[in-house]
$ cat upload.cif   # mmCIF, N, CA, C and O atoms and all ligand atoms
data_query
#
loop_
_atom_site.label_atom_id
_atom_site.label_comp_id
_atom_site.auth_asym_id
_atom_site.auth_seq_id
_atom_site.Cartn_x
_atom_site.Cartn_y
_atom_site.Cartn_z
N MET S 1 99.27 -17.33 88.43
CA MET S 1 99.90 -18.44 87.72
C MET S 1 100.88 -17.90 86.69
O MET S 1 100.51 -17.18 85.78
N SER S 2 102.16 -18.20 86.85
CA SER S 2 103.11 -17.79 85.82
C SER S 2 103.75 -19.02 85.18
O SER S 2 103.88 -20.07 85.81
N ILE S 3 104.15 -18.85 83.96
CA ILE S 3 104.68 -19.97 83.19
C ILE S 3 106.20 -19.92 83.23
O ILE S 3 106.80 -18.87 83.08
N GLN S 4 106.80 -21.09 83.43
CA GLN S 4 108.25 -21.17 83.56
C GLN S 4 108.85 -21.84 82.33
O GLN S 4 108.30 -22.80 81.79
N CYS S 5 109.99 -21.34 81.89
CA CYS S 5 110.69 -21.92 80.75
C CYS S 5 111.25 -23.29 81.14
O CYS S 5 111.92 -23.42 82.17
N PRO S 6 111.01 -24.33 80.33
CA PRO S 6 111.52 -25.68 80.65
C PRO S 6 113.02 -25.79 80.43
O PRO S 6 113.66 -26.72 80.92
N ASN S 7 113.61 -24.84 79.73
CA ASN S 7 115.04 -24.90 79.41
C ASN S 7 115.91 -24.17 80.43
O ASN S 7 116.90 -24.71 80.92
N CYS S 8 115.54 -22.92 80.77
CA CYS S 8 116.40 -22.13 81.66
C CYS S 8 115.68 -21.68 82.93
O CYS S 8 116.21 -20.90 83.71
N SER S 9 114.46 -22.17 83.14
CA SER S 9 113.67 -21.88 84.33
C SER S 9 113.31 -20.40 84.50
O SER S 9 112.92 -19.96 85.57
N SER S 10 113.43 -19.63 83.43
CA SER S 10 113.07 -18.22 83.49
C SER S 10 111.55 -18.05 83.51
O SER S 10 110.81 -18.88 82.97
N TYR S 11 111.11 -16.96 84.12
CA TYR S 11 109.69 -16.64 84.10
C TYR S 11 109.37 -15.58 83.05
O TYR S 11 108.24 -15.12 82.95
N HIS S 12 110.39 -15.20 82.30
CA HIS S 12 110.17 -14.21 81.23
C HIS S 12 109.63 -14.91 79.99
O HIS S 12 110.33 -15.08 79.00
N VAL S 13 108.38 -15.31 80.09
CA VAL S 13 107.76 -16.09 79.02
C VAL S 13 106.58 -15.31 78.47
O VAL S 13 105.79 -14.75 79.22
N ILE S 14 106.49 -15.25 77.17
CA ILE S 14 105.34 -14.58 76.54
C ILE S 14 104.50 -15.61 75.79
O ILE S 14 105.02 -16.61 75.30
N GLU S 15 103.24 -15.33 75.71
CA GLU S 15 102.34 -16.18 74.95
C GLU S 15 102.38 -15.74 73.49
O GLU S 15 102.29 -14.56 73.19
N ARG S 16 102.56 -16.70 72.63
CA ARG S 16 102.64 -16.36 71.21
C ARG S 16 101.25 -16.39 70.59
O ARG S 16 100.44 -17.23 70.92
N LYS S 17 101.02 -15.47 69.68
CA LYS S 17 99.71 -15.39 69.04
C LYS S 17 99.86 -15.59 67.54
O LYS S 17 99.09 -15.03 66.76
N ILE S 18 100.85 -16.37 67.16
CA ILE S 18 101.15 -16.48 65.73
C ILE S 18 99.97 -17.03 64.94
O ILE S 18 99.59 -16.47 63.93
N GLY S 19 99.39 -18.12 65.43
CA GLY S 19 98.29 -18.72 64.70
C GLY S 19 97.16 -17.75 64.47
O GLY S 19 96.64 -17.62 63.36
N LYS S 20 96.83 -17.03 65.54
CA LYS S 20 95.71 -16.09 65.46
C LYS S 20 96.02 -14.95 64.49
O LYS S 20 95.19 -14.56 63.68
N THR S 21 97.24 -14.43 64.60
CA THR S 21 97.62 -13.30 63.73
C THR S 21 97.61 -13.72 62.27
O THR S 21 97.03 -13.04 61.42
N VAL S 22 98.26 -14.86 61.99
CA VAL S 22 98.31 -15.34 60.60
C VAL S 22 96.90 -15.64 60.11
O VAL S 22 96.52 -15.24 59.01
N GLY S 23 96.12 -16.29 60.96
CA GLY S 23 94.75 -16.62 60.59
C GLY S 23 93.94 -15.38 60.29
O GLY S 23 93.20 -15.34 59.31
N ALA S 24 94.11 -14.36 61.13
CA ALA S 24 93.36 -13.13 60.92
C ALA S 24 93.78 -12.46 59.62
O ALA S 24 92.95 -11.88 58.92
N ARG S 25 95.09 -12.56 59.31
CA ARG S 25 95.57 -11.96 58.06
C ARG S 25 95.03 -12.70 56.86
O ARG S 25 94.58 -12.09 55.89
N ILE S 26 95.09 -14.04 56.94
CA ILE S 26 94.53 -14.85 55.85
C ILE S 26 93.05 -14.50 55.69
O ILE S 26 92.56 -14.30 54.59
N GLY S 27 92.39 -14.38 56.84
CA GLY S 27 90.97 -14.05 56.82
C GLY S 27 90.70 -12.69 56.21
O GLY S 27 89.76 -12.52 55.43
N ALA S 28 91.57 -11.73 56.54
CA ALA S 28 91.38 -10.38 56.00
C ALA S 28 91.58 -10.37 54.50
O ALA S 28 90.84 -9.71 53.77
N VAL S 29 92.58 -11.15 54.03
CA VAL S 29 92.84 -11.22 52.59
C VAL S 29 91.69 -11.92 51.87
O VAL S 29 91.14 -11.40 50.89
N SER S 30 91.30 -13.11 52.42
CA SER S 30 90.19 -13.80 51.77
C SER S 30 88.90 -13.02 51.93
O SER S 30 88.04 -13.03 51.06
N GLY S 31 88.80 -12.30 53.07
CA GLY S 31 87.66 -11.42 53.26
C GLY S 31 87.62 -10.31 52.24
O GLY S 31 86.55 -9.92 51.76
N GLY S 32 88.80 -9.80 51.90
CA GLY S 32 88.90 -8.77 50.88
C GLY S 32 88.42 -9.28 49.52
O GLY S 32 87.71 -8.58 48.79
N ILE S 33 88.80 -10.55 49.24
CA ILE S 33 88.35 -11.17 47.97
C ILE S 33 86.84 -11.37 48.00
O ILE S 33 86.13 -11.02 47.06
N LEU S 34 86.37 -11.91 49.13
CA LEU S 34 84.93 -12.07 49.32
C LEU S 34 84.24 -10.71 49.22
O LEU S 34 83.17 -10.58 48.61
N GLY S 35 84.88 -9.71 49.82
CA GLY S 35 84.33 -8.37 49.81
C GLY S 35 84.23 -7.81 48.40
O GLY S 35 83.24 -7.19 48.04
N ALA S 36 85.27 -8.10 47.60
CA ALA S 36 85.27 -7.62 46.22
C ALA S 36 84.15 -8.26 45.42
O ALA S 36 83.44 -7.59 44.67
N SER S 37 83.97 -9.59 45.63
CA SER S 37 82.89 -10.25 44.90
C SER S 37 81.54 -9.82 45.47
O SER S 37 80.56 -9.69 44.73
N GLY S 38 81.53 -9.57 46.81
CA GLY S 38 80.31 -9.05 47.42
C GLY S 38 79.97 -7.66 46.89
O GLY S 38 78.80 -7.34 46.65
N ALA S 39 81.02 -6.85 46.69
CA ALA S 39 80.83 -5.51 46.16
C ALA S 39 80.26 -5.57 44.74
O ALA S 39 79.37 -4.80 44.38
N TRP S 40 80.79 -6.53 43.96
CA TRP S 40 80.32 -6.70 42.58
C TRP S 40 78.85 -7.09 42.56
O TRP S 40 78.04 -6.50 41.85
N THR S 41 78.52 -8.11 43.41
CA THR S 41 77.13 -8.56 43.51
C THR S 41 76.24 -7.43 44.00
O THR S 41 75.16 -7.20 43.46
N GLY S 42 76.74 -6.70 45.02
CA GLY S 42 75.98 -5.58 45.57
C GLY S 42 75.75 -4.49 44.54
O GLY S 42 74.65 -3.93 44.45
N ALA S 43 76.80 -4.21 43.75
CA ALA S 43 76.68 -3.17 42.72
C ALA S 43 75.66 -3.57 41.67
O ALA S 43 74.84 -2.76 41.23
N GLU S 44 75.70 -4.85 41.30
CA GLU S 44 74.74 -5.34 40.30
C GLU S 44 73.32 -5.25 40.82
O GLU S 44 72.42 -4.76 40.14
N THR S 45 73.15 -5.73 42.08
CA THR S 45 71.83 -5.69 42.70
C THR S 45 71.35 -4.25 42.83
O THR S 45 70.22 -3.92 42.49
N GLY S 46 72.26 -3.39 43.33
CA GLY S 46 71.93 -1.97 43.51
C GLY S 46 71.56 -1.31 42.19
O GLY S 46 70.64 -0.49 42.14
N ALA S 47 72.27 -1.68 41.13
CA ALA S 47 72.01 -1.09 39.81
C ALA S 47 70.63 -1.48 39.31
O ALA S 47 69.88 -0.67 38.77
N VAL S 48 70.29 -2.76 39.53
CA VAL S 48 68.98 -3.26 39.08
C VAL S 48 67.86 -2.56 39.85
O VAL S 48 66.89 -2.06 39.26
N VAL S 49 68.03 -2.49 41.20
CA VAL S 49 67.01 -1.83 42.02
C VAL S 49 66.96 -0.34 41.69
O VAL S 49 65.88 0.24 41.49
N GLY S 50 68.16 0.28 41.61
CA GLY S 50 68.25 1.72 41.37
C GLY S 50 67.72 2.11 39.99
O GLY S 50 67.19 3.22 39.82
N ALA S 51 67.85 1.23 39.01
CA ALA S 51 67.41 1.53 37.64
C ALA S 51 65.92 1.86 37.59
O ALA S 51 65.48 2.63 36.73
N ALA S 52 65.17 1.30 38.52
CA ALA S 52 63.73 1.57 38.60
C ALA S 52 63.46 3.05 38.90
O ALA S 52 62.39 3.57 38.60
N PHE S 53 64.48 3.72 39.52
CA PHE S 53 64.31 5.13 39.89
C PHE S 53 65.04 6.07 38.93
O PHE S 53 65.32 7.22 39.25
N GLY S 54 65.40 5.58 37.77
CA GLY S 54 66.05 6.42 36.77
C GLY S 54 67.56 6.43 36.88
O GLY S 54 68.13 5.68 37.69
N PRO S 55 68.23 7.26 36.09
CA PRO S 55 69.71 7.28 36.02
C PRO S 55 70.37 7.58 37.37
O PRO S 55 71.39 6.98 37.70
N VAL S 56 69.80 8.52 38.14
CA VAL S 56 70.39 8.85 39.44
C VAL S 56 70.31 7.65 40.38
O VAL S 56 71.27 7.30 41.07
N GLY S 57 69.17 6.99 40.35
CA GLY S 57 68.98 5.78 41.16
C GLY S 57 69.94 4.67 40.77
O GLY S 57 70.46 3.95 41.61
N LEU S 58 70.20 4.56 39.49
CA LEU S 58 71.13 3.54 38.98
C LEU S 58 72.52 3.73 39.58
O LEU S 58 73.15 2.79 40.06
N ILE S 59 72.99 5.00 39.56
CA ILE S 59 74.34 5.30 40.05
C ILE S 59 74.42 5.14 41.57
O ILE S 59 75.30 4.44 42.09
N THR S 60 73.48 5.77 42.30
CA THR S 60 73.53 5.67 43.76
C THR S 60 73.30 4.24 44.22
O THR S 60 73.92 3.78 45.17
N GLY S 61 72.43 3.52 43.51
CA GLY S 61 72.19 2.11 43.84
C GLY S 61 73.44 1.27 43.68
O GLY S 61 73.77 0.45 44.54
N SER S 62 74.19 1.50 42.60
CA SER S 62 75.43 0.75 42.36
C SER S 62 76.45 1.02 43.45
O SER S 62 77.07 0.11 43.99
N ILE S 63 76.63 2.30 43.78
CA ILE S 63 77.63 2.68 44.79
C ILE S 63 77.25 2.13 46.16
O ILE S 63 78.08 1.51 46.84
N ALA S 64 76.00 2.32 46.56
CA ALA S 64 75.55 1.82 47.87
C ALA S 64 75.69 0.31 47.94
O ALA S 64 76.16 -0.25 48.93
N GLY S 65 75.31 -0.36 46.86
CA GLY S 65 75.41 -1.82 46.81
C GLY S 65 76.85 -2.30 46.92
O GLY S 65 77.16 -3.25 47.64
N ALA S 66 77.76 -1.62 46.21
CA ALA S 66 79.18 -2.00 46.23
C ALA S 66 79.78 -1.80 47.62
O ALA S 66 80.50 -2.67 48.13
N LEU S 67 79.47 -0.68 48.26
CA LEU S 67 79.99 -0.39 49.59
C LEU S 67 79.49 -1.42 50.60
O LEU S 67 80.26 -1.97 51.38
N PHE S 68 78.21 -1.68 50.57
CA PHE S 68 77.61 -2.61 51.52
C PHE S 68 78.13 -4.03 51.30
O PHE S 68 78.54 -4.70 52.24
N GLY S 69 78.16 -4.46 50.05
CA GLY S 69 78.65 -5.80 49.72
C GLY S 69 80.11 -5.98 50.13
O GLY S 69 80.49 -7.01 50.67
N GLY S 70 80.93 -4.96 49.88
CA GLY S 70 82.35 -5.03 50.23
C GLY S 70 82.56 -5.11 51.72
O GLY S 70 83.38 -5.88 52.22
N LEU S 71 81.80 -4.33 52.46
CA LEU S 71 81.93 -4.28 53.92
C LEU S 71 81.55 -5.63 54.54
O LEU S 71 82.32 -6.19 55.32
N VAL S 72 80.41 -6.15 54.15
CA VAL S 72 79.93 -7.42 54.69
C VAL S 72 80.92 -8.54 54.38
O VAL S 72 81.28 -9.34 55.24
N GLY S 73 81.42 -8.57 53.14
CA GLY S 73 82.35 -9.61 52.73
C GLY S 73 83.65 -9.58 53.50
O GLY S 73 84.11 -10.61 53.98
N SER S 74 84.25 -8.40 53.69
CA SER S 74 85.55 -8.35 54.36
C SER S 74 85.42 -8.59 55.86
O SER S 74 86.28 -9.22 56.45
N VAL S 75 84.36 -8.12 56.48
CA VAL S 75 84.17 -8.36 57.92
C VAL S 75 83.96 -9.84 58.19
O VAL S 75 84.63 -10.42 59.05
N SER S 76 83.08 -10.49 57.45
CA SER S 76 82.84 -11.91 57.70
C SER S 76 84.07 -12.74 57.37
O SER S 76 84.37 -13.72 58.06
N GLY S 77 84.85 -12.31 56.38
CA GLY S 77 86.09 -13.02 56.04
C GLY S 77 87.11 -12.96 57.15
O GLY S 77 87.73 -13.97 57.48
N SER S 78 87.32 -11.80 57.77
CA SER S 78 88.35 -11.70 58.81
C SER S 78 87.90 -12.37 60.10
O SER S 78 88.73 -12.88 60.84
N ILE S 79 86.61 -12.40 60.38
CA ILE S 79 86.13 -13.13 61.57
C ILE S 79 86.40 -14.62 61.40
O ILE S 79 86.95 -15.28 62.28
N THR S 80 86.06 -15.16 60.23
CA THR S 80 86.31 -16.57 59.94
C THR S 80 87.80 -16.87 60.03
O THR S 80 88.21 -17.85 60.64
N GLY S 81 88.64 -16.01 59.46
CA GLY S 81 90.08 -16.20 59.47
C GLY S 81 90.66 -16.25 60.86
O GLY S 81 91.49 -17.10 61.17
N SER S 82 90.25 -15.33 61.76
CA SER S 82 90.82 -15.33 63.09
C SER S 82 90.34 -16.51 63.91
O SER S 82 91.05 -17.01 64.78
N LYS S 83 89.15 -17.03 63.62
CA LYS S 83 88.67 -18.23 64.30
C LYS S 83 89.51 -19.45 63.89
O LYS S 83 89.91 -20.25 64.72
N VAL S 84 89.82 -19.55 62.60
CA VAL S 84 90.67 -20.63 62.10
C VAL S 84 92.05 -20.52 62.72
O VAL S 84 92.64 -21.50 63.17
N GLY S 85 92.59 -19.29 62.79
CA GLY S 85 93.90 -19.06 63.39
C GLY S 85 93.93 -19.44 64.86
O GLY S 85 94.93 -19.97 65.35
N GLU S 86 92.86 -19.19 65.57
CA GLU S 86 92.76 -19.51 66.98
C GLU S 86 92.85 -21.03 67.19
O GLU S 86 93.49 -21.50 68.12
N GLN S 87 92.20 -21.78 66.30
CA GLN S 87 92.26 -23.24 66.34
C GLN S 87 93.71 -23.70 66.14
O GLN S 87 94.20 -24.58 66.86
N LEU S 88 94.41 -23.10 65.19
CA LEU S 88 95.80 -23.45 64.93
C LEU S 88 96.66 -23.16 66.15
O LEU S 88 97.53 -23.93 66.51
N ASP S 89 96.43 -22.03 66.79
CA ASP S 89 97.16 -21.63 67.98
C ASP S 89 97.12 -22.69 69.05
O ASP S 89 98.11 -23.01 69.68
N GLY S 90 95.95 -23.26 69.28
CA GLY S 90 95.77 -24.23 70.35
C GLY S 90 96.27 -25.61 70.01
O GLY S 90 96.54 -26.41 70.90
N SER S 91 96.46 -25.92 68.73
CA SER S 91 96.80 -27.30 68.38
C SER S 91 98.16 -27.44 67.73
O SER S 91 99.00 -28.21 68.20
N VAL S 92 98.44 -26.70 66.68
CA VAL S 92 99.63 -26.94 65.88
C VAL S 92 100.85 -26.18 66.40
O VAL S 92 101.91 -26.76 66.59
N LEU S 93 100.71 -24.90 66.66
CA LEU S 93 101.87 -24.07 66.95
C LEU S 93 102.23 -24.04 68.43
O LEU S 93 101.39 -24.25 69.29
N ASP S 94 103.49 -23.77 68.71
CA ASP S 94 103.94 -23.58 70.08
C ASP S 94 103.24 -22.35 70.67
O ASP S 94 103.10 -21.35 70.00
N LEU S 95 102.85 -22.46 71.91
CA LEU S 95 102.07 -21.38 72.49
C LEU S 95 102.92 -20.36 73.25
O LEU S 95 102.55 -19.22 73.36
N TYR S 96 104.08 -20.79 73.79
CA TYR S 96 104.87 -19.88 74.62
C TYR S 96 106.29 -19.76 74.11
O TYR S 96 106.82 -20.64 73.47
N ARG S 97 106.91 -18.62 74.45
CA ARG S 97 108.27 -18.38 74.03
C ARG S 97 109.02 -17.74 75.19
O ARG S 97 108.54 -16.77 75.79
N CYS S 98 110.20 -18.26 75.48
CA CYS S 98 111.03 -17.71 76.55
C CYS S 98 111.83 -16.53 76.01
O CYS S 98 112.47 -16.61 74.97
N LEU S 99 111.79 -15.41 76.75
CA LEU S 99 112.49 -14.20 76.29
C LEU S 99 113.98 -14.26 76.60
O LEU S 99 114.77 -13.50 76.06
N ASP S 100 114.39 -15.18 77.48
CA ASP S 100 115.80 -15.27 77.86
C ASP S 100 116.60 -16.21 76.97
O ASP S 100 117.75 -15.93 76.65
N CYS S 101 116.01 -17.33 76.58
CA CYS S 101 116.77 -18.28 75.78
C CYS S 101 116.10 -18.63 74.45
O CYS S 101 116.59 -19.47 73.72
N ASP S 102 115.00 -17.99 74.14
CA ASP S 102 114.30 -18.18 72.87
C ASP S 102 113.70 -19.57 72.65
O ASP S 102 113.40 -19.95 71.54
N THR S 103 113.57 -20.33 73.74
CA THR S 103 112.93 -21.64 73.61
C THR S 103 111.43 -21.47 73.40
O THR S 103 110.81 -20.62 74.04
N GLU S 104 110.88 -22.29 72.51
CA GLU S 104 109.43 -22.26 72.30
C GLU S 104 108.86 -23.57 72.80
O GLU S 104 109.40 -24.64 72.55
N PHE S 105 107.78 -23.48 73.55
CA PHE S 105 107.20 -24.69 74.14
C PHE S 105 105.71 -24.50 74.35
O PHE S 105 105.17 -23.41 74.20
N ASN S 106 105.06 -25.62 74.73
CA ASN S 106 103.63 -25.57 74.99
C ASN S 106 103.33 -25.46 76.47
O ASN S 106 103.97 -26.07 77.28
ZN ZN A 201 114.39 -20.02 78.71
#

$ encode --input "upload.cif" --output "structure tokens" --more "lines below"
Ligand SMILES: [Zn+2]
Amino acid sequence: MSIQCPNCSSYHVIERKIGKTVGARIGAVSGGILGASGAWTGAETGAVVGAAFGPVGLITGSIAGALFGGLVGSVSGSITGSKVGEQLDGSVLDLYRCLDCDTEFN
């Protein structure tokens, strides 16, 4: 099955992934913010848990908590973002683009 341009009948048509890309980027950015707050929460939690094991535990607990919190936050953020972008791709934005005449269509 190939897609034909409605304007010039060319078969040089590509599927656009704009919604998904933008969504994934938004997700990565918001994931980064979530990750930062997750890192903060993780560091606090790690510090509290680590403090029970003395000064060394306090430091390693904070670092481990920050790394884990940051990772979880940014991964879940970018997954959510690309799912939102995928929805946009199917509904709002044009899905195909003709390489010969630059027409965008669904
Ligand atoms: Zn065309």

$ residues_near_ligand --input "upload.cif" --ligand "ligand ZN 201 (chain A)" --cutoff "9 Å" --atoms "only C-alpha atoms and all ligand atoms" --output "ChimeraX atom specification"
/S:4-13,97-104

$ atom_distance --input "upload.cif" --atom1 "CA of Gly46 (chain S)" --atom2 "CA of Ile33 (chain S)"
19.3 Å

$ residues_near_point --input "upload.cif" --point "(81.7, -1.5, 50.0)" --cutoff "8 Å" --atoms "only N, CA, C and O atoms" --output "PyMOL selection string"
chain S and resi 35-36+38-40+62-73

$ residues_around --input "upload.cif" --residues "Ser76 (chain S)" --least-positions-apart "6" --cutoff "8 Å" --atoms "only N, CA, C and O atoms" --output "number ranges by chain"
S: 27-28, 30-32, 35, 70, 82

$ atom_distance --input "upload.cif" --atom1 "atom O of Ile79 (chain S)" --atom2 "atom O of Arg16 (chain S)"
16.1 Å

$ atom_distance --input "upload.cif" --atom1 "atom O of Glu44 (chain S)" --atom2 "CA of Gly61 (chain S)"
7.8 Å

$ select_by_dssp --input "upload.cif" --residues "chain S" --states "strand (DSSP E)" --output "VMD selection string"
chain S and resid 13 to 15 96 to 98 104 to 105
